[in-house]
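Q: Enclosed is the structure file target.cif (mmCIF, C-alpha atoms).
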```
data_entry
#
loop_
_atom_site.label_atom_id
_atom_site.label_comp_id
_atom_site.auth_asym_id
_atom_site.auth_seq_id
_atom_site.Cartn_x
_atom_site.Cartn_y
_atom_site.Cartn_z
CA MET A 1 -16.39 21.01 -1.52
CA SER A 2 -19.63 22.92 -2.03
CA ASN A 3 -22.24 23.61 0.62
CA SER A 4 -25.00 22.52 -1.68
CA THR A 5 -25.90 19.59 0.55
CA HIS A 6 -27.06 22.08 3.19
CA HIS A 7 -29.48 23.73 0.79
CA PRO A 8 -31.89 21.22 -0.71
CA ALA A 9 -32.78 23.47 -3.63
CA ALA A 10 -29.16 23.52 -4.74
CA MET A 11 -28.49 19.78 -4.56
CA SER A 12 -27.31 18.06 -7.70
CA PRO A 13 -29.55 15.32 -9.11
CA VAL A 14 -27.45 12.54 -7.63
CA GLU A 15 -27.37 14.28 -4.24
CA GLN A 16 -31.17 14.45 -4.33
CA ARG A 17 -31.35 10.76 -5.16
CA VAL A 18 -29.04 9.88 -2.29
CA ALA A 19 -31.04 12.07 0.09
CA ALA A 20 -34.21 10.29 -1.00
CA LEU A 21 -32.58 6.91 -0.47
CA GLU A 22 -31.43 7.95 2.99
CA ALA A 23 -34.90 9.11 3.95
CA LEU A 24 -36.56 5.96 2.64
CA LEU A 25 -34.11 3.53 4.20
CA THR A 26 -34.08 5.37 7.53
CA GLU A 27 -37.87 5.29 7.61
CA ARG A 28 -37.70 1.54 7.08
CA GLY A 29 -35.50 1.18 10.13
CA LEU A 30 -32.45 -0.02 8.22
CA VAL A 31 -30.08 2.83 9.17
CA PRO A 32 -29.31 2.97 12.89
CA GLU A 33 -28.41 6.27 14.52
CA GLY A 34 -24.80 7.16 13.76
CA PHE A 35 -24.31 4.30 11.28
CA ILE A 36 -23.45 6.49 8.29
CA GLU A 37 -20.89 8.43 10.29
CA GLN A 38 -19.37 5.24 11.68
CA ILE A 39 -18.98 3.65 8.25
CA THR A 40 -17.62 6.87 6.76
CA ARG A 41 -15.04 7.16 9.51
CA ARG A 42 -14.05 3.52 9.13
CA TYR A 43 -13.37 3.77 5.42
CA GLU A 44 -12.02 7.29 5.34
CA SER A 45 -9.44 6.92 8.04
CA GLU A 46 -9.36 3.56 9.77
CA THR A 47 -9.05 1.22 6.81
CA GLY A 48 -6.41 1.43 4.16
CA PRO A 49 -3.11 0.17 2.76
CA MET A 50 -1.40 0.62 6.11
CA ASN A 51 -3.18 -2.60 7.09
CA GLY A 52 -1.85 -4.49 4.09
CA ALA A 53 1.60 -3.07 4.70
CA LYS A 54 1.61 -4.72 8.12
CA VAL A 55 0.66 -8.06 6.58
CA VAL A 56 3.37 -7.84 3.97
CA ALA A 57 5.98 -6.74 6.50
CA ARG A 58 5.09 -9.70 8.71
CA ALA A 59 5.48 -12.04 5.74
CA TRP A 60 8.88 -10.58 4.95
CA ALA A 61 10.06 -11.04 8.51
CA ASP A 62 8.45 -14.40 9.29
CA PRO A 63 8.78 -17.16 6.68
CA GLU A 64 6.27 -19.41 8.40
CA TYR A 65 3.70 -16.62 8.46
CA LYS A 66 4.38 -16.11 4.76
CA MET A 67 3.62 -19.79 4.10
CA ARG A 68 0.36 -19.50 6.00
CA LEU A 69 -0.48 -16.30 4.15
CA LEU A 70 -0.01 -17.91 0.75
CA ALA A 71 -1.91 -21.04 1.83
CA ASP A 72 -4.92 -19.32 3.41
CA GLY A 73 -4.96 -15.58 3.02
CA THR A 74 -8.16 -14.98 4.96
CA ALA A 75 -6.97 -16.82 8.06
CA ALA A 76 -3.47 -15.35 8.02
CA ILE A 77 -4.73 -11.81 7.57
CA ALA A 78 -7.19 -12.40 10.41
CA GLU A 79 -4.22 -13.27 12.66
CA LEU A 80 -3.30 -9.58 12.46
CA GLY A 81 -6.88 -8.56 13.24
CA PHE A 82 -7.98 -7.60 9.73
CA GLY A 83 -11.15 -8.84 8.10
CA GLY A 84 -14.74 -7.91 7.36
CA PRO A 85 -16.64 -6.87 4.21
CA GLU A 86 -14.88 -7.79 0.98
CA GLY A 87 -12.39 -9.78 3.02
CA ASP A 88 -14.11 -13.14 3.32
CA HIS A 89 -12.11 -14.90 0.62
CA MET A 90 -8.65 -13.43 0.51
CA VAL A 91 -6.10 -14.96 -1.80
CA VAL A 92 -2.52 -13.75 -1.62
CA VAL A 93 -0.17 -14.28 -4.52
CA GLU A 94 3.53 -13.62 -4.70
CA ASN A 95 5.47 -11.80 -7.36
CA THR A 96 8.58 -13.73 -8.32
CA ALA A 97 11.44 -13.31 -10.74
CA ALA A 98 9.24 -15.00 -13.34
CA VAL A 99 5.71 -13.84 -12.55
CA HIS A 100 4.26 -10.40 -11.94
CA ASN A 101 0.71 -10.39 -10.64
CA VAL A 102 -1.94 -7.77 -11.21
CA ILE A 103 -5.45 -7.62 -9.83
CA VAL A 104 -8.52 -6.44 -11.68
CA CYS A 105 -12.27 -6.89 -11.30
CA THR A 106 -13.83 -6.53 -14.69
CA LEU A 107 -17.43 -6.45 -13.47
CA CYS A 108 -17.77 -4.40 -10.31
CA SER A 109 -14.29 -3.34 -9.15
CA CYS A 110 -14.27 -5.47 -6.02
CA TYR A 111 -11.16 -4.87 -3.97
CA PRO A 112 -9.69 -6.22 -0.71
CA TRP A 113 -11.06 -3.51 1.58
CA PRO A 114 -9.75 -4.88 4.89
CA VAL A 115 -6.12 -4.64 3.82
CA LEU A 116 -6.13 -1.90 1.20
CA GLY A 117 -9.20 0.22 1.97
CA LEU A 118 -11.42 1.47 -0.84
CA PRO A 119 -9.97 1.29 -4.34
CA PRO A 120 -8.48 4.32 -6.08
CA ALA A 121 -10.43 5.86 -8.93
CA TRP A 122 -8.20 4.41 -11.64
CA TYR A 123 -8.92 0.85 -10.48
CA LYS A 124 -12.65 1.40 -11.00
CA ASP A 125 -12.32 3.11 -14.38
CA PRO A 126 -13.46 1.20 -17.49
CA PRO A 127 -10.11 1.61 -19.29
CA TYR A 128 -8.20 -0.08 -16.46
CA ARG A 129 -10.73 -2.91 -16.16
CA ALA A 130 -10.66 -3.59 -19.90
CA ARG A 131 -7.01 -2.95 -20.71
CA MET A 132 -5.46 -4.86 -17.82
CA VAL A 133 -7.02 -8.01 -19.28
CA ARG A 134 -6.32 -7.22 -22.92
CA GLU A 135 -2.90 -5.56 -22.75
CA PRO A 136 -1.38 -5.84 -19.27
CA ARG A 137 2.21 -5.09 -20.32
CA ALA A 138 1.31 -1.86 -22.10
CA LEU A 139 -0.88 -0.69 -19.24
CA LEU A 140 1.71 -1.61 -16.61
CA ALA A 141 4.34 0.31 -18.56
CA GLU A 142 2.07 3.38 -18.57
CA MET A 143 1.67 2.98 -14.83
CA GLY A 144 5.43 2.91 -14.36
CA CYS A 145 6.13 -0.82 -14.25
CA ARG A 146 8.12 -2.12 -17.17
CA CYS A 147 7.91 -5.89 -17.44
CA PRO A 148 10.90 -7.77 -18.83
CA ARG A 149 9.92 -10.12 -21.62
CA ARG A 150 10.71 -13.09 -19.41
CA TRP A 151 7.99 -12.14 -16.92
CA ARG A 152 4.73 -13.95 -17.21
CA SER A 153 1.84 -11.77 -16.14
CA GLY A 154 -0.81 -13.37 -13.95
CA CYS A 155 -4.09 -11.53 -14.13
CA GLY A 156 -6.37 -12.34 -11.27
CA THR A 157 -9.69 -11.13 -10.02
CA PRO A 158 -10.82 -11.17 -6.45
CA PRO A 159 -11.93 -14.78 -6.01
CA PRO A 160 -15.58 -15.74 -6.28
CA ARG A 161 -17.43 -15.59 -3.03
CA SER A 162 -20.13 -18.16 -3.55
CA ALA A 163 -21.79 -20.22 -6.22
CA THR A 164 -23.92 -17.21 -7.11
CA SER A 165 -21.04 -14.79 -7.60
CA SER A 166 -20.50 -13.75 -11.16
CA CYS A 167 -17.13 -12.05 -10.96
CA PRO A 168 -15.20 -14.42 -13.19
CA SER A 169 -11.73 -15.75 -12.56
CA VAL A 170 -9.30 -14.65 -15.23
CA ARG A 171 -6.80 -17.35 -16.05
CA PRO A 172 -3.13 -16.42 -15.86
CA ARG A 173 -1.62 -16.01 -19.28
CA PRO A 174 1.52 -17.87 -20.27
CA ARG A 175 2.67 -14.70 -22.04
CA ALA A 176 1.43 -11.15 -22.21
CA MET B 1 -3.26 8.08 -15.69
CA THR B 2 -2.42 8.59 -12.05
CA THR B 3 0.69 6.89 -10.77
CA LEU B 4 0.53 3.97 -8.42
CA LEU B 5 0.91 4.73 -4.76
CA SER B 6 4.54 5.08 -3.88
CA LEU B 7 5.42 3.81 -0.44
CA SER B 8 7.75 6.75 -0.06
CA GLY B 9 4.71 9.07 -0.03
CA LEU B 10 3.59 8.03 3.41
CA ASP B 11 1.71 11.16 4.44
CA LEU B 12 -1.62 9.64 3.43
CA PRO B 13 -0.86 5.96 2.84
CA ARG B 14 -4.27 4.84 3.94
CA ARG B 15 -5.91 6.71 1.11
CA ASN B 16 -4.12 5.12 -1.84
CA GLY B 17 -2.76 8.57 -2.67
CA GLU B 18 -6.23 10.09 -3.01
CA LEU B 19 -9.31 10.71 -0.90
CA ALA B 20 -11.76 7.83 -0.56
CA PHE B 21 -14.76 10.11 -1.14
CA ASP B 22 -14.88 13.36 -3.11
CA ALA B 23 -18.17 14.52 -1.61
CA PRO B 24 -20.44 13.67 1.33
CA TRP B 25 -23.08 12.07 -0.88
CA GLN B 26 -20.57 9.41 -1.89
CA SER B 27 -19.78 8.34 1.65
CA THR B 28 -23.49 8.49 2.43
CA VAL B 29 -24.55 6.22 -0.44
CA PHE B 30 -21.66 3.87 0.38
CA ALA B 31 -22.81 3.64 3.98
CA LEU B 32 -26.47 3.25 2.95
CA ALA B 33 -25.54 0.20 0.89
CA ALA B 34 -23.62 -1.17 3.87
CA ALA B 35 -26.69 -0.59 6.05
CA VAL B 36 -28.97 -2.44 3.66
CA ILE B 37 -26.52 -5.32 3.28
CA GLU B 38 -26.14 -5.69 7.02
CA HIS B 39 -29.70 -5.07 8.17
CA ALA B 40 -31.87 -6.29 5.30
CA PHE B 41 -29.73 -9.06 3.81
CA ASP B 42 -28.02 -10.30 6.95
CA GLY B 43 -24.56 -9.50 5.63
CA ASP B 44 -25.03 -11.16 2.24
CA ARG B 45 -23.31 -8.84 -0.27
CA GLU B 46 -24.41 -10.72 -3.39
CA PRO B 47 -27.79 -9.03 -4.04
CA PHE B 48 -26.16 -5.60 -4.00
CA ARG B 49 -23.15 -6.83 -5.97
CA GLN B 50 -25.41 -8.15 -8.72
CA GLN B 51 -27.15 -4.78 -8.97
CA LEU B 52 -23.81 -2.98 -9.10
CA ILE B 53 -22.59 -5.23 -11.90
CA LYS B 54 -25.78 -4.52 -13.86
CA ALA B 55 -25.59 -0.79 -13.21
CA ILE B 56 -21.98 -0.57 -14.37
CA ALA B 57 -22.71 -2.67 -17.46
CA ALA B 58 -25.78 -0.55 -18.27
CA GLU B 59 -23.72 2.66 -18.37
CA PRO B 60 -20.00 1.87 -18.50
CA GLY B 61 -18.97 5.51 -18.71
CA ARG B 62 -20.98 6.59 -15.68
CA PRO B 63 -18.96 7.69 -12.65
CA TYR B 64 -18.57 4.85 -10.17
CA TRP B 65 -20.50 6.31 -7.24
CA GLU B 66 -23.41 7.20 -9.53
CA SER B 67 -23.54 3.57 -10.64
CA TRP B 68 -23.41 2.61 -6.96
CA THR B 69 -26.41 4.91 -6.36
CA ALA B 70 -28.30 3.38 -9.28
CA ALA B 71 -27.55 -0.09 -7.93
CA LEU B 72 -28.94 0.77 -4.51
CA GLU B 73 -32.05 2.29 -6.09
CA ALA B 74 -32.57 -0.94 -8.05
CA LEU B 75 -32.13 -2.99 -4.89
CA VAL B 76 -34.76 -1.11 -2.88
CA PRO B 77 -37.82 -2.70 -4.55
CA THR B 78 -36.43 -6.13 -3.69
CA LEU B 79 -36.17 -5.41 0.03
CA PRO B 80 -38.38 -7.54 2.25
CA GLU B 81 -41.46 -5.63 3.36
CA PRO B 82 -41.06 -4.33 6.90
CA SER B 83 -43.15 -6.35 9.30
CA THR B 84 -46.01 -4.40 10.86
CA PRO B 85 -45.66 -3.79 14.61
#
```
Please render this file's structure as C-alpha cells.

A:
Amino acid sequence: MSNSTHHPAAMSPVEQRVAALEALLTERGLVPEGFIEQITRRYESETGPMNGAKVVARAWADPEYKMRLLADGTAAIAELGFGGPEGDHMVVVENTAAVHNVIVCTLCSCYPWPVLGLPPAWYKDPPYRARMVREPRALLAEMGCRCPRRWRSGCGTPPPRSATSSCPSVRPRPRA
Amino acid sequence: MTTLLSLSGLDLPRRNGELAFDAPWQSTVFALAAAVIEHAFDGDREPFRQQLIKAIAAEPGRPYWESWTAALEALVPTLPEPSTP
C-alpha cells in the first residue's frame, strides 16, 4: 500500500475526490469524530462470514431454529445478535437434492452484510452479475461447482427493501 | 476467476478469502456513505442505492469503489441544506 495518502500532491484522482468528499461532509457535520475508523473496523474485522457460519451451524443442529430461519430470516438471524445495514430483509433459502441456489444482484451488488460481511470482488464484477443470470451452470462450473442435470438452479437477488427499491427479483428457472 | 471461499481456509474466514478494502480511500468512501445515510437520510439507504445503481450502469467497467465514489458525489447535491445555527 502506497503512502500517497499522506502526501496530497501524490494522491490519485479518486483519492483526491474522496478527500474532498470527506472535507465537505465533515464540514456539514455529517461525520462524527471517529466514525470512519469505527465503520472501517466493523467491516474489516468484526463483520464477515463467521457470523453466517454460526447461523448455519445453529440451523444444522436445531431443526426448529432452521424452520424459523427459513420462515423469517431477519428475525431468526437477529436471535443470534446479527442485523443492521443490508440486513433488514433477509431471506434464507435451502439447497436441496433438486435445487441449487445462487445469489446475484444485477444492479448494485447488494449483499447480506450482517452475516457475510462485504462482498468479494468477483461478486461485484460485471461478468458475474450478467453471467449468473444468463448461464448459471457454466459459471458455477468455472467456480468449481458442477451441477448435475437434475438440479434446478434458483437465481435470487437480495429481496426488495421497499416499494421504491429497484433491485428486481429474478424468478427461479425450471432449468438452467 | 477466483475460487469460492473454502471453509477449510479458516485463517481469514471473515474476509471472504480477500481483504475488504485494498486501500484506505475505499474504506473512507464506504464509511462516508454510511455517515450520510445515517445522519442525513435517517438510515434510509434507498437514495444512495439509487445513485449507486445509476453510477454502475453509467460505467459498467469502472471499478466498484470508484462507482461508489461517483454515487456519493451525485448524492451530495441532494442533501438537505444544513440549518443555520

Q: Find the residues near B:Val36: any atom within 9 Å, counting all atoms listed in the file, skip ones fewer than 3 places away on the same chain, and give them as a ChimeraX atom specification.

A: /A:25,30-31 /B:31-33,39-43,48,72,76,79

Q: Which residue gives the smallest distance to chain B among A:Ala97, A:Val133, A:Met67, A:Met143, with only C-alpha atoms counted?

A: A:Met143

Q: Kindly resolve the PyMOL selection byres ((chain A and resi 118-122) around 9) on the present coordinates and return the residues as a list in words.

A: Tyr43, Glu44, Thr47, Gly48, Ser109, Cys110, Tyr111, Pro112, Trp113, Pro114, Leu116, Gly117, Tyr123, Lys124, Asp125, Pro126, Pro127, Tyr128 and Arg129 of chain A; Met1, Thr2, Arg15, Asn16, Gly17, Glu18, Leu19, Ala20 and Tyr64 of chain B

Q: Kindly indicate which residue among A:Val102, A:Met50, A:Ala141, A:Leu21 lies nearest to B:Phe30, using only C-alpha atoms for the distances.

A: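 Residue with the minimum atom-to-atom distance to B:Phe30: A:Leu21.
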
Q: With the PyMOL selection byres ((chain A and resi 75-88) around 10) as the selection, what would be picked from this file? Answer as a count of residues only, please.

A: 37

Q: Find the residue from B:Ile53, B:Arg62, B:Pro47, B:Ala74 that sits nearest to chain A; use only C-alpha atoms when measuring.

A: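 Using only C-alpha atoms, the shortest distance to chain A belongs to B:Ile53.
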
Q: Which residue gives the smallest distance to chain B among A:Val18, A:Cys105, A:Ala23, A:Ala53, with all atoms listed in the file counted?

A: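 Looking only at the distances to chain B, the closest residue turns out to be A:Val18.
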
Q: Show me, as a list in words, the residues that have an atom within 7 Å of B:Trp65 when counting only C-alpha atoms, minus same-chain residues fewer than 3 positions from it.

A: Gln26, Trp68 and Thr69 of chain B

Q: Given the PyMOL selection byres ((chain B and resi 58) around 12) and the file above, list the residues it selects as number ranges by chain.

A: A: 107-108; B: 51-57, 59-62, 66-68, 70-71

Q: Print the selection's residues with C-alpha atoms to a file, as a short mmCIF file (atom, residue, chain, number, x, y, z; two decimals), in the coordinates of the input.

A:
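Result file is selection-v7.cif:
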```
data_model
loop_
_atom_site.label_atom_id
_atom_site.label_comp_id
_atom_site.auth_asym_id
_atom_site.auth_seq_id
_atom_site.Cartn_x
_atom_site.Cartn_y
_atom_site.Cartn_z
CA LEU A 107 -17.43 -6.45 -13.47
CA CYS A 108 -17.77 -4.40 -10.31
CA GLN B 51 -27.15 -4.78 -8.97
CA LEU B 52 -23.81 -2.98 -9.10
CA ILE B 53 -22.59 -5.23 -11.90
CA LYS B 54 -25.78 -4.52 -13.86
CA ALA B 55 -25.59 -0.79 -13.21
CA ILE B 56 -21.98 -0.57 -14.37
CA ALA B 57 -22.71 -2.67 -17.46
CA GLU B 59 -23.72 2.66 -18.37
CA PRO B 60 -20.00 1.87 -18.50
CA GLY B 61 -18.97 5.51 -18.71
CA ARG B 62 -20.98 6.59 -15.68
CA GLU B 66 -23.41 7.20 -9.53
CA SER B 67 -23.54 3.57 -10.64
CA TRP B 68 -23.41 2.61 -6.96
CA ALA B 70 -28.30 3.38 -9.28
CA ALA B 71 -27.55 -0.09 -7.93
#
```

Q: Would you compute the distance between atom CA of A:Glu64 and atom CA of A:Trp151? Give it in Å to one decimal.

A: 26.4 Å

Q: So the first atom is atom CA of A:Arg137 and the second is atom CA of A:Thr96; what is the distance between them in Å, to one decimal place?

A: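 These atoms are spaced 16.1 Å apart.
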
Q: Just give me the gap between atom CA of A:Glu33 and atom CA of A:Ala10 in Å, one decimal is fine.

A: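 Atom CA of A:Ala10 lies 25.9 Å from atom CA of A:Glu33.
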
Q: Here is a test: counting only C-alpha atoms, which residue of A:Val104, A:Met11, A:Ile36, A:Cys147 is nearest to chain B?

A: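 Counting only C-alpha atoms, the residue closest to chain B is A:Ile36.
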
Q: Missing atoms in stretch 30-55 of chain B should be modelled up to N, CA and C atoms and reported as a CSV table (one decimal), in the frame of the given file.

A:
```csv
chain,number,residue,atom,x,y,z
B,30,PHE,N,-22.5,5.0,0.0
B,30,PHE,CA,-21.7,3.9,0.4
B,30,PHE,C,-22.2,3.3,1.7
B,31,ALA,N,-22.4,4.1,2.7
B,31,ALA,CA,-22.8,3.6,4.0
B,31,ALA,C,-24.2,3.1,3.9
B,32,LEU,N,-25.1,3.7,3.1
B,32,LEU,CA,-26.5,3.2,3.0
B,32,LEU,C,-26.5,1.8,2.4
B,33,ALA,N,-25.6,1.6,1.4
B,33,ALA,CA,-25.5,0.2,0.9
B,33,ALA,C,-25.1,-0.8,2.0
B,34,ALA,N,-24.1,-0.3,2.8
B,34,ALA,CA,-23.6,-1.2,3.9
B,34,ALA,C,-24.7,-1.4,4.9
B,35,ALA,N,-25.6,-0.4,5.1
B,35,ALA,CA,-26.7,-0.6,6.0
B,35,ALA,C,-27.7,-1.6,5.5
B,36,VAL,N,-28.0,-1.5,4.2
B,36,VAL,CA,-29.0,-2.4,3.7
B,36,VAL,C,-28.4,-3.9,3.7
B,37,ILE,N,-27.1,-4.0,3.3
B,37,ILE,CA,-26.5,-5.3,3.3
B,37,ILE,C,-26.6,-6.0,4.7
B,38,GLU,N,-26.2,-5.1,5.7
B,38,GLU,CA,-26.1,-5.7,7.0
B,38,GLU,C,-27.5,-5.9,7.6
B,39,HIS,N,-28.5,-5.0,7.4
B,39,HIS,CA,-29.7,-5.1,8.2
B,39,HIS,C,-30.9,-5.7,7.4
B,40,ALA,N,-30.8,-5.7,6.1
B,40,ALA,CA,-31.9,-6.3,5.3
B,40,ALA,C,-31.5,-7.6,4.7
B,41,PHE,N,-30.2,-7.8,4.5
B,41,PHE,CA,-29.7,-9.1,3.8
B,41,PHE,C,-28.8,-9.9,4.7
B,42,ASP,N,-28.8,-9.5,6.0
B,42,ASP,CA,-28.0,-10.3,7.0
B,42,ASP,C,-26.6,-10.5,6.6
B,43,GLY,N,-26.0,-9.4,6.0
B,43,GLY,CA,-24.6,-9.5,5.6
B,43,GLY,C,-24.3,-10.1,4.3
B,44,ASP,N,-25.3,-10.6,3.6
B,44,ASP,CA,-25.0,-11.2,2.2
B,44,ASP,C,-24.8,-10.0,1.2
B,45,ARG,N,-23.6,-9.9,0.6
B,45,ARG,CA,-23.3,-8.8,-0.3
B,45,ARG,C,-23.8,-9.1,-1.7
B,46,GLU,N,-24.1,-10.3,-2.0
B,46,GLU,CA,-24.4,-10.7,-3.4
B,46,GLU,C,-25.6,-10.0,-4.0
B,47,PRO,N,-26.7,-9.8,-3.4
B,47,PRO,CA,-27.8,-9.0,-4.0
B,47,PRO,C,-27.3,-7.6,-4.5
B,48,PHE,N,-26.6,-6.9,-3.6
B,48,PHE,CA,-26.2,-5.6,-4.0
B,48,PHE,C,-25.1,-5.7,-5.1
B,49,ARG,N,-24.2,-6.7,-5.0
B,49,ARG,CA,-23.2,-6.8,-6.0
B,49,ARG,C,-23.7,-7.1,-7.3
B,50,GLN,N,-24.8,-7.9,-7.4
B,50,GLN,CA,-25.4,-8.2,-8.7
B,50,GLN,C,-26.0,-6.9,-9.3
B,51,GLN,N,-26.6,-6.0,-8.5
B,51,GLN,CA,-27.2,-4.8,-9.0
B,51,GLN,C,-26.0,-3.9,-9.4
B,52,LEU,N,-24.9,-3.9,-8.7
B,52,LEU,CA,-23.8,-3.0,-9.1
B,52,LEU,C,-23.2,-3.4,-10.4
B,53,ILE,N,-23.1,-4.7,-10.6
B,53,ILE,CA,-22.6,-5.2,-11.9
B,53,ILE,C,-23.5,-4.8,-13.0
B,54,LYS,N,-24.8,-4.9,-12.8
B,54,LYS,CA,-25.8,-4.5,-13.9
B,54,LYS,C,-25.7,-3.0,-14.1
B,55,ALA,N,-25.6,-2.3,-13.0
B,55,ALA,CA,-25.6,-0.8,-13.2
B,55,ALA,C,-24.4,-0.3,-14.0
```
